[in-house]
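**Student:** File model_15.txt follows (compact mmCIF, C-alpha atoms):
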# COMPACT_ATOMS: atom_id res chain seq x y z
CA MET G 285 117.27 108.49 129.84
CA ASN G 286 117.06 108.27 126.07
CA ASP G 287 113.97 109.29 124.11
CA PRO G 288 111.50 106.52 123.21
CA ILE G 289 112.36 104.50 120.13
CA ILE G 290 109.98 105.41 117.30
CA THR G 291 110.52 103.42 114.11
CA GLN G 292 108.32 102.08 111.38
CA ASN G 293 109.39 98.55 112.32
CA GLN G 294 109.85 98.58 116.07
CA PRO G 295 112.31 95.98 117.42
CA SER G 296 110.68 93.01 119.12
CA VAL G 297 112.00 91.55 122.37
CA LEU G 298 111.01 88.25 123.96
CA MET G 299 111.43 88.09 127.76
CA VAL G 300 111.71 84.65 129.37
CA ASP G 301 111.37 84.42 133.17
CA ASP G 302 109.31 82.19 135.47
CA THR G 303 108.64 85.11 137.85
CA PRO G 304 105.65 87.15 136.62
CA ALA G 305 106.67 90.19 138.69
CA ASN G 306 110.00 90.39 136.89
CA LEU G 307 108.29 90.10 133.52
CA GLU G 308 105.78 92.79 134.33
CA LEU G 309 108.36 95.25 135.62
CA LEU G 310 110.87 94.98 132.76
CA SER G 311 108.18 94.55 130.12
CA GLY G 312 106.55 97.86 131.11
CA MET G 313 109.88 99.66 131.00
CA LEU G 314 110.81 98.32 127.55
CA LYS G 315 107.38 99.06 126.12
CA GLY G 316 107.77 102.61 127.38
CA ARG G 317 110.96 102.82 125.34
CA GLY G 318 109.09 101.83 122.14
CA TYR G 319 109.91 98.12 121.94
CA LYS G 320 107.40 95.44 121.07
CA VAL G 321 107.61 93.08 124.04
CA ARG G 322 106.34 89.54 124.53
CA ALA G 323 106.76 87.33 127.58
CA ALA G 324 107.11 83.62 128.26
CA VAL G 325 107.11 82.00 131.73
CA SER G 326 108.94 78.80 130.78
CA GLY G 327 111.60 77.53 128.42
CA GLU G 328 109.16 75.37 126.48
CA LEU G 329 106.75 78.27 125.92
CA ALA G 330 109.68 80.48 124.92
CA LEU G 331 110.85 78.02 122.23
CA ARG G 332 107.32 77.75 120.87
CA ALA G 333 106.93 81.55 120.73
CA ILE G 334 110.29 82.02 119.04
CA ARG G 335 109.58 79.40 116.38
CA ASN G 336 106.16 80.86 115.62
CA ASP G 337 107.35 84.46 115.44
CA PRO G 338 111.13 85.01 115.82
CA PRO G 339 111.95 88.14 117.86
CA ASP G 340 114.85 90.48 117.24
CA LEU G 341 116.35 89.73 120.68
CA VAL G 342 115.75 87.46 123.69
CA LEU G 343 116.20 88.38 127.37
CA LEU G 344 116.60 85.00 129.07
CA ASP G 345 116.57 83.97 132.73
CA ILE G 346 118.67 80.94 133.69
CA THR G 347 116.97 79.41 136.73
CA MET G 348 113.65 77.98 135.55
CA PRO G 349 111.94 74.64 136.19
CA GLU G 350 111.88 71.79 133.62
CA MET G 351 114.16 73.61 131.14
CA ASN G 352 116.74 76.14 132.28
CA GLY G 353 118.09 79.09 130.28
CA TYR G 354 121.23 77.27 129.18
CA GLU G 355 119.14 74.53 127.57
CA VAL G 356 116.84 77.04 125.87
CA CYS G 357 119.82 78.91 124.43
CA ALA G 358 121.51 75.70 123.24
CA LYS G 359 118.34 74.60 121.40
CA LEU G 360 118.03 77.96 119.68
CA LYS G 361 121.66 77.96 118.56
CA ALA G 362 121.20 74.46 117.14
CA ASP G 363 118.38 75.70 114.91
CA GLU G 364 119.72 77.09 111.60
CA LYS G 365 116.83 79.54 111.24
CA LEU G 366 117.04 80.92 114.80
CA LYS G 367 120.73 80.75 115.68
CA ASP G 368 121.44 84.39 114.81
CA ILE G 369 118.94 85.84 117.31
CA PRO G 370 121.01 87.56 120.04
CA ILE G 371 120.38 86.20 123.54
CA ILE G 372 121.13 88.26 126.64
CA PHE G 373 121.09 86.33 129.90
CA LEU G 374 119.42 88.18 132.78
CA SER G 375 120.02 86.21 135.97
CA ALA G 376 120.62 86.41 139.73
CA LEU G 377 123.50 83.94 139.31
CA SER G 378 126.66 85.97 139.64
CA GLU G 379 129.46 83.42 139.74
CA THR G 380 132.09 83.64 137.03
CA MET G 381 131.45 80.04 135.93
CA ASP G 382 127.74 80.84 135.41
CA LYS G 383 128.70 83.63 133.04
CA VAL G 384 131.30 81.48 131.27
CA LYS G 385 128.70 78.77 130.72
CA ALA G 386 126.20 81.35 129.40
CA PHE G 387 128.66 82.59 126.80
CA GLY G 388 129.68 79.01 126.04
CA VAL G 389 126.14 78.03 124.93
CA GLY G 390 125.85 81.08 122.67
CA GLY G 391 124.77 84.09 124.76
CA VAL G 392 126.00 87.48 123.59
CA ASP G 393 125.78 89.27 126.97
CA TYR G 394 125.09 88.72 130.65
CA ILE G 395 123.32 91.05 133.09
CA THR G 396 123.18 90.29 136.81
CA LYS G 397 120.03 90.83 138.90
CA PRO G 398 119.10 93.12 140.53
CA PHE G 399 119.55 95.18 137.36
CA GLN G 400 119.53 98.85 136.50
CA PHE G 401 117.08 99.50 133.67
CA GLU G 402 119.44 101.97 131.98
CA GLU G 403 122.03 99.18 131.72
CA VAL G 404 119.50 96.72 130.28
CA GLU G 405 118.32 99.29 127.76
CA ALA G 406 121.86 100.20 126.69
CA ARG G 407 122.83 96.57 126.14
CA VAL G 408 119.61 95.76 124.30
CA GLU G 409 120.14 98.74 121.98
CA THR G 410 123.78 97.79 121.39
CA HIS G 411 123.05 94.19 120.42
CA LEU G 412 120.11 95.13 118.24
CA GLU G 413 122.33 97.59 116.40
CA LEU G 414 125.05 94.95 116.03
CA ARG G 415 122.52 92.55 114.59
CA ARG G 416 121.22 95.19 112.20
CA GLN G 417 124.75 95.89 111.01
CA LYS G 418 125.45 92.18 110.64
CA ARG G 419 122.34 91.77 108.51
CA GLN G 420 123.31 94.79 106.41
CA LEU G 421 126.80 93.39 105.95
CA GLN G 422 125.37 90.06 104.81
CA GLU G 423 123.00 91.79 102.39
CA ASN G 424 125.86 93.86 100.99
CA TYR G 425 127.95 90.72 100.61
CA GLU G 426 125.16 88.96 98.71
CA LYS G 427 124.69 92.00 96.46
CA LEU G 428 128.43 92.11 95.81
CA ARG G 429 128.45 88.43 94.87
CA GLU G 430 125.52 88.99 92.53
CA LEU G 431 127.26 91.98 90.93
CA GLU G 432 130.41 89.91 90.46
CA LYS G 433 128.38 87.22 88.71
CA LEU G 434 126.73 89.84 86.49
CA ARG G 435 130.10 91.42 85.74
CA ASP G 436 131.57 88.05 84.79
CA SER G 437 128.57 87.37 82.54
CA LEU G 438 128.98 90.77 80.91
CA VAL G 439 132.71 90.23 80.29
CA HIS G 440 131.97 86.78 78.85
CA MET G 441 129.34 88.28 76.55
CA VAL G 442 131.68 90.98 75.24
CA ILE G 443 134.49 88.47 74.64
CA HIS G 444 132.05 86.14 72.88
CA ASP G 445 130.84 88.97 70.63
CA LEU G 446 134.39 89.98 69.76
CA ARG G 447 135.49 86.44 68.97
CA SER G 448 133.29 86.04 65.89
CA PRO G 449 134.52 89.09 63.91
CA LEU G 450 138.09 88.47 65.11
CA THR G 451 137.92 84.91 63.74
CA SER G 452 136.63 86.31 60.44
CA ILE G 453 139.51 88.79 60.19
CA TYR G 454 142.03 86.06 60.92
CA GLY G 455 140.46 83.80 58.30
CA PHE G 456 140.37 86.41 55.53
CA LEU G 457 143.94 87.51 56.23
CA GLY G 458 144.99 83.86 56.13
CA LEU G 459 143.41 83.44 52.70
CA ILE G 460 145.22 86.52 51.42
CA GLU G 461 148.54 85.20 52.77
CA GLU G 462 148.03 81.73 51.26
CA ASN G 463 147.26 83.19 47.85
CA ALA G 464 149.86 85.95 47.90
CA GLY G 465 151.72 84.42 44.95
CA LYS G 466 148.62 83.73 42.86
CA LEU G 467 146.41 86.75 43.47
CA PRO G 468 144.84 86.60 40.01
CA LEU G 469 143.08 83.41 41.16
CA VAL G 470 141.33 85.13 44.07
CA ASN G 471 139.70 88.49 44.68
CA PRO G 472 141.88 90.26 47.27
CA THR G 473 139.62 93.32 47.26
CA ARG G 474 136.65 91.25 48.38
CA LEU G 475 138.67 89.51 51.12
CA ILE G 476 140.06 92.80 52.40
CA GLY G 477 136.57 94.30 52.33
CA GLU G 478 135.15 91.43 54.40
CA ALA G 479 138.02 91.72 56.90
CA MET G 480 137.41 95.46 57.22
CA LYS G 481 133.68 94.84 57.75
CA ALA G 482 134.51 92.45 60.61
CA ALA G 483 137.00 94.94 62.06
CA LYS G 484 134.33 97.67 61.92
CA GLN G 485 131.98 95.36 63.83
CA MET G 486 134.62 94.91 66.55
CA ILE G 487 135.15 98.66 66.76
CA GLN G 488 131.40 99.15 67.21
CA ILE G 489 131.30 96.61 70.07
CA VAL G 490 134.25 98.29 71.80
CA ASN G 491 132.70 101.76 71.29
CA ASP G 492 129.41 100.59 72.82
CA VAL G 493 131.23 99.30 75.91
CA LEU G 494 133.35 102.43 76.35
CA ASP G 495 130.59 104.90 75.57
CA ALA G 496 128.08 103.17 77.85
CA SER G 497 130.62 103.52 80.68
CA LYS G 498 131.23 107.17 79.81
CA MET G 499 127.49 107.87 79.78
CA GLU G 500 127.05 106.19 83.15
CA GLY G 501 129.89 108.20 84.64
CA GLY G 502 128.66 111.47 83.14
CA GLN G 503 131.94 111.80 81.22
CA MET G 504 130.40 112.16 77.76
CA LYS G 505 129.36 115.78 77.29
CA LEU G 506 126.48 116.53 74.95
CA ARG G 507 126.83 119.13 72.22
CA PRO G 508 123.23 120.04 71.39
CA ALA G 509 122.47 121.62 68.04
CA GLU G 510 119.45 121.71 65.75
CA CYS G 511 119.08 118.26 64.18
CA ASP G 512 116.81 117.16 61.34
CA LEU G 513 115.55 113.78 62.57
CA SER G 514 113.90 112.98 59.24
CA ARG G 515 117.18 113.29 57.38
CA MET G 516 119.08 111.32 60.06
CA VAL G 517 116.62 108.43 59.75
CA GLU G 518 116.86 108.50 55.96
CA GLU G 519 120.68 108.37 56.14
CA CYS G 520 120.57 105.39 58.49
CA VAL G 521 118.12 103.54 56.24
CA LEU G 522 120.33 104.13 53.18
CA GLY G 523 123.39 102.94 55.07
CA LEU G 524 121.91 99.77 56.56
CA LYS G 525 119.15 98.48 54.27
CA ALA G 526 121.72 96.57 52.18
CA LEU G 527 122.17 94.32 55.23
CA PHE G 528 118.47 93.37 55.05
CA GLU G 529 118.54 91.46 51.78
CA GLY G 530 115.18 89.78 51.20
CA GLY G 531 113.44 92.09 53.64
CA GLU G 532 112.05 95.60 53.38
CA VAL G 533 112.68 98.78 55.35
CA ARG G 534 109.91 101.38 54.97
CA PHE G 535 110.17 105.01 55.95
CA SER G 536 107.95 107.85 54.74
CA PRO G 537 109.45 111.17 55.86
CA PRO G 538 106.99 113.70 57.31
CA ALA G 539 105.93 116.47 54.93
CA ILE G 540 107.58 119.02 57.20
CA PRO G 541 111.10 118.31 58.53
CA VAL G 542 111.12 117.38 62.23
CA THR G 543 113.92 119.05 64.16
CA VAL G 544 115.11 118.80 67.75
CA MET G 545 117.95 120.22 69.81
CA ALA G 546 120.26 117.26 70.37
CA ASP G 547 123.80 115.97 69.97
CA HIS G 548 123.75 114.89 66.31
CA ASP G 549 126.41 112.18 66.49
CA ILE G 550 124.98 110.53 69.60
CA ILE G 551 121.36 110.50 68.41
CA PHE G 552 122.50 109.28 64.98
CA ARG G 553 124.12 106.31 66.73
CA VAL G 554 120.91 105.69 68.69
CA ILE G 555 118.92 105.50 65.42
CA GLN G 556 121.62 103.38 63.83
CA ASN G 557 121.73 100.93 66.75
CA LEU G 558 117.96 100.52 66.92
CA LEU G 559 117.66 99.94 63.18
CA ALA G 560 120.62 97.53 63.15
CA ASN G 561 119.08 95.62 66.05
CA ALA G 562 115.76 95.34 64.20
CA ILE G 563 117.53 94.11 61.06
CA LYS G 564 119.51 91.50 62.97
CA TYR G 565 116.51 89.96 64.74
CA THR G 566 113.92 90.17 61.95
CA PRO G 567 113.81 87.27 59.46
CA HIS G 568 115.07 88.57 56.11
CA GLU G 569 112.65 86.57 53.96
CA GLY G 570 109.36 88.42 54.28
CA GLY G 571 110.82 90.69 56.93
CA LEU G 572 109.34 94.18 57.25
CA ILE G 573 110.62 97.08 59.33
CA ARG G 574 108.62 100.31 59.50
CA LEU G 575 110.19 103.51 60.77
CA GLY G 576 108.11 106.47 61.82
CA ILE G 577 108.40 109.94 63.31
CA GLU G 578 105.61 111.57 65.31
CA SER G 579 105.84 115.05 66.74
CA SER G 580 103.83 116.97 69.28
CA ARG G 581 104.26 120.48 70.64
CA ASP G 582 107.22 119.69 72.89
CA ARG G 583 108.30 116.09 72.14
CA VAL G 584 109.21 113.90 69.17
CA ARG G 585 108.92 110.12 68.98
CA VAL G 586 110.93 107.89 66.60
CA SER G 587 109.72 104.29 66.27
CA PHE G 588 111.11 101.08 64.75
CA GLN G 589 108.43 98.43 64.19
CA ASP G 590 109.34 94.93 62.96
CA ASN G 591 107.55 91.65 62.33
CA GLY G 592 110.18 89.55 64.07
CA PRO G 593 109.78 87.04 66.92
CA GLY G 594 108.82 89.61 69.55
CA ILE G 595 109.99 89.83 73.14
CA ALA G 596 108.64 88.05 76.21
CA PRO G 597 107.17 90.47 78.83
CA GLU G 598 109.75 89.63 81.51
CA TYR G 599 112.61 90.74 79.25
CA ARG G 600 111.25 94.04 77.92
CA GLN G 601 112.97 96.20 80.53
CA LYS G 602 116.01 93.99 81.01
CA ILE G 603 117.19 94.35 77.42
CA PHE G 604 118.16 97.97 78.10
CA ASP G 605 120.17 97.11 81.23
CA LYS G 606 123.91 96.63 80.93
CA PHE G 607 124.26 93.81 83.40
CA ALA G 608 121.10 92.06 82.25
CA GLN G 609 122.65 91.51 78.82
CA GLY G 610 124.97 88.88 80.27
CA GLU G 611 122.06 87.32 82.14
CA LEU G 612 119.95 87.15 78.96
CA ARG G 613 122.77 85.49 77.04
CA ALA G 614 123.26 82.96 79.84
CA GLY G 615 119.57 82.08 79.54
CA HIS G 616 119.88 81.81 75.72
CA GLN G 617 117.71 84.92 75.24
CA ARG G 618 119.08 87.24 72.56
CA TYR G 619 117.14 90.39 71.86
CA SER G 620 119.92 92.88 71.29
CA THR G 621 123.42 93.29 69.92
CA GLY G 622 125.75 93.57 72.91
CA LEU G 623 125.51 96.88 74.76
CA GLY G 624 123.92 98.79 71.89
CA LEU G 625 120.55 99.12 73.62
CA THR G 626 122.22 100.07 76.90
CA PHE G 627 124.01 102.90 75.10
CA CYS G 628 120.71 103.97 73.50
CA LYS G 629 118.96 104.14 76.87
CA LEU G 630 121.73 106.17 78.50
CA ALA G 631 122.02 108.50 75.50
CA VAL G 632 118.27 109.17 75.25
CA GLU G 633 117.92 109.73 79.00
CA ALA G 634 120.91 112.09 78.95
CA HIS G 635 118.87 114.19 76.48
CA GLY G 636 115.92 114.23 78.88
CA GLY G 637 114.02 111.66 76.81
CA ARG G 638 112.55 108.19 77.22
CA ILE G 639 113.07 104.87 75.48
CA GLY G 640 111.06 101.67 75.48
CA VAL G 641 109.67 98.72 73.57
CA ASP G 642 106.14 97.46 72.92
CA SER G 643 105.97 93.85 71.88
CA ASP G 644 103.79 90.78 71.61
CA GLU G 645 105.77 87.56 71.64
CA GLY G 646 105.57 86.02 68.18
CA LYS G 647 104.08 89.19 66.64
CA GLY G 648 107.02 91.55 66.39
CA SER G 649 108.34 94.49 68.38
CA SER G 650 108.19 98.26 68.27
CA PHE G 651 111.19 100.02 69.78
CA TRP G 652 110.81 103.77 70.27
CA PHE G 653 112.45 106.76 71.84
CA GLU G 654 111.20 110.26 72.63
CA LEU G 655 113.20 113.48 72.79
CA PRO G 656 112.23 116.94 74.00
CA VAL G 657 112.06 119.35 71.08
CA ASN G 658 114.04 122.03 72.93
CA GLY G 659 116.80 119.66 74.00
CA PRO G 660 118.05 118.54 77.41
CA GLU G 661 117.80 120.88 80.35
CA PRO G 662 121.19 122.47 81.14
CA SER G 663 123.07 120.71 83.94
CA GLU G 664 124.90 122.53 86.73
CA GLU G 665 128.23 121.71 85.05
CA THR G 666 126.98 123.16 81.76
CA ASP G 667 125.87 126.33 83.53
CA LYS G 668 129.37 126.78 84.99
CA GLU G 669 131.12 126.48 81.63
Go ahead and render the structure in this file as structure tokens.
**Tutor:**
Amino acid sequence: MNDPIITQNQPSVLMVDDTPANLELLSGMLKGRGYKVRAAVSGELALRAIRNDPPDLVLLDITMPEMNGYEVCAKLKADEKLKDIPIIFLSALSETMDKVKAFGVGGVDYITKPFQFEEVEARVETHLELRRQKRQLQENYEKLRELEKLRDSLVHMVIHDLRSPLTSIYGFLGLIEENAGKLPLVNPTRLIGEAMKAAKQMIQIVNDVLDASKMEGGQMKLRPAECDLSRMVEECVLGLKALFEGGEVRFSPPAIPVTVMADHDIIFRVIQNLLANAIKYTPHEGGLIRLGIESSRDRVRVSFQDNGPGIAPEYRQKIFDKFAQGELRAGHQRYSTGLGLTFCKLAVEAHGGRIGVDSDEGKGSSFWFELPVNGPEPSEETDKE
């Protein structure tokens, strides 16, 4: 005989039989095997018990007064909430037509009395496992459908983000073509410059998508070296503040340079993405973005504080998630530029750091990331190299 079933959520079995001796005998055996067992002496009581607290499986006698087992089974299978509960008939009726009728009304198995307990136990275990697997399959199917929806939203978001700069490039090139014979009347340098700016924007979107995927798959190897965070922030401010016309970007470098062991190019892009995101979602007229660096003995924090619209609490974690970006766009919530924040999260965590945002809706946001001063801990792959 198998060992008793010991699980955190023990399977529950409802036994339905109008003979108390049968209930007592089989109930004691099943309880000894670790099942939670309830009993009902009539079909009506069984239906009431099942509706109040659905069991994982029903052992059902056929020959009962007022309502027989076939009728009980048919009523359960007609109920959308209860139809998936497996029903095993346990009856003294042994004719083939009795069994055919039992399966016809929805039973999953049929055991003839007098029974061997080992057989009952084996069949109960089998059908409970089948039900568990069916539930798991349904859950996996629902998760897959949800992932497909998120994937479609993400693809739609990327295409939407690419369409705007692509339209700009097409328009500027069209203007150059139309005025090819009268170039003195237009400024081709300005048009080409605007087209290149739009093309650069498209390249950035594509890089964010590809690099986020590489980070997730562990395919982007870090090349840690000593980096001066103060200088990196200053370079980013000089390169991007022209995009914040009418607003102000403030950064006061620490008196002593702050250095960390990190991949320079990747962390530079993190700083660039966070600053660009702040610029995009902070009103330019009267807009103010403050950048700061704080260091402790073993960690360094870089922060980007703006006086923009802020972020609702329910979206503060989602904005770093790749699939949530499509969901946010679908709900007309825009707090980030494409997958830039997703890349930042993956890049910072790959360095052994943390990233987050503090925000009060309507009062601005403060994005930040922390890095360990001594760099990421070596991975097993790095140790092998």
**Student:** In the coordinates of the file, take the point (126.5, 82.5, 121.4) and a cut-off of 9 Å; then, counting only C-alpha atoms, name each qualifying protein, DNA or RNA residue as a list in words.
**Tutor:**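 Those residues lying close to the given coordinates are Cys357, Ala358, Lys361, Lys367, Asp368, Pro370, Ile371, Ala386, Phe387, Gly388, Val389, Gly390, Gly391, Val392 and Asp393 of chain G.
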**Student:** Leaving out segment 552-567 of chain G and any residue of its chain fewer than 6 positions from it, which residues lie within 10 Å of it when counting only C-alpha atoms, given as a ChimeraX atom specification?
**Tutor:** /G:488,492,511,513,516-517,519-521,523-525,527-533,546,573-575,586-594,618-625,627-632,648-653
**Student:** Mind giving me the straight-line distance from atom CA of Leu307 of chain G to atom CA of Val321 of chain G in Å, one decimal?
**Tutor:**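 Atom-to-atom, atom CA of Leu307 of chain G to atom CA of Val321 of chain G, that is 10.0 Å.
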**Student:** Contacts of Ile453 of chain G at 9 Å or less, counting all atoms listed in the file, minus same-chain residues fewer than 6 places along, as a PDB file with C-alpha atoms, in the frame of the given file?
**Tutor:**
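Listed below is the output, out-v2.pdb:
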ATOM      1  CA  ILE G 476     140.060  92.800  52.400  1.00  0.00           C
ATOM      2  CA  GLU G 478     135.150  91.430  54.400  1.00  0.00           C
ATOM      3  CA  ALA G 479     138.020  91.720  56.900  1.00  0.00           C
ATOM      4  CA  MET G 480     137.410  95.460  57.220  1.00  0.00           C
ATOM      5  CA  LYS G 481     133.680  94.840  57.750  1.00  0.00           C
ATOM      6  CA  ALA G 482     134.510  92.450  60.610  1.00  0.00           C
ATOM      7  CA  ALA G 483     137.000  94.940  62.060  1.00  0.00           C
TER       8      ALA G 483
END
**Student:** So how many Å separate atom CA of Arg322 of chain G and atom CA of Glu379 of chain G, to one decimal?
**Tutor:**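 Atom CA of Arg322 of chain G sits 28.3 Å away from atom CA of Glu379 of chain G.
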**Student:** For the atom pair atom CA of Thr543 of chain G and atom CA of Pro508 of chain G, what is the interatomic distance in Å to one decimal place?
**Tutor:**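 About the pair atom CA of Thr543 of chain G and atom CA of Pro508 of chain G: they are 11.8 Å apart.
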**Student:** Nearest residue to Arg317 of chain G out of G:Met348, G:Glu364, G:Thr626, G:Val404, using only C-alpha atoms?
**Tutor:**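 Once distances to Arg317 of chain G are computed over only C-alpha atoms, the minimum belongs to G:Val404.
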**Student:** Let me make sure I understand: among G:Asp382, G:Glu328, G:Glu430, G:Asp301, which one has the smallest atom-to-atom distance to Leu360 of chain G if we use all atoms listed in the file?
**Tutor:**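 Comparing G:Asp382, G:Glu328, G:Glu430, G:Asp301 against Leu360 of chain G, the winner is G:Glu328.
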**Student:** Quick one: residues within 12 Å of Lys315 of chain G, all atoms listed in the file counted, chain neighbours fewer than 5 positions away excluded, as a list of chain:residue names?
**Tutor:**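 Here the qualifying residues turn out to be G:Pro288, G:Ile289, G:Ile290, G:Gln294, G:Pro295, G:Ser296, G:Val297, G:Leu298, G:Met299, G:Leu307, G:Glu308, G:Leu309, G:Leu310, G:Lys320, G:Val321, G:Arg322, G:Ala323, G:Glu405.
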**Student:** With C-alpha atoms retained, could you export that selection as a compact mmCIF listing (two decimals), keeping the file's coordinate frame?
**Tutor:**
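Dumped everything to part.txt:
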# COMPACT_ATOMS: atom_id res chain seq x y z
CA PRO G 288 111.50 106.52 123.21
CA ILE G 289 112.36 104.50 120.13
CA ILE G 290 109.98 105.41 117.30
CA GLN G 294 109.85 98.58 116.07
CA PRO G 295 112.31 95.98 117.42
CA SER G 296 110.68 93.01 119.12
CA VAL G 297 112.00 91.55 122.37
CA LEU G 298 111.01 88.25 123.96
CA MET G 299 111.43 88.09 127.76
CA LEU G 307 108.29 90.10 133.52
CA GLU G 308 105.78 92.79 134.33
CA LEU G 309 108.36 95.25 135.62
CA LEU G 310 110.87 94.98 132.76
CA LYS G 320 107.40 95.44 121.07
CA VAL G 321 107.61 93.08 124.04
CA ARG G 322 106.34 89.54 124.53
CA ALA G 323 106.76 87.33 127.58
CA GLU G 405 118.32 99.29 127.76
**Student:** Could you check the closest approach to Arg474 of chain G for each of G:Lys385, G:Leu343, G:Arg415, G:Ile460 and tell me which residue wins, using only C-alpha atoms?
**Tutor:**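 Ranking G:Lys385, G:Leu343, G:Arg415, G:Ile460 by distance to Arg474 of chain G, first place goes to G:Ile460.
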**Student:** Point out the residue among G:Leu450, G:Leu522, G:Ile487, G:Leu655 with the least atom-to-atom distance to Met545 of chain G, counting only C-alpha atoms.
**Tutor:**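 Ranking G:Leu450, G:Leu522, G:Ile487, G:Leu655 by distance to Met545 of chain G, first place goes to G:Leu655.
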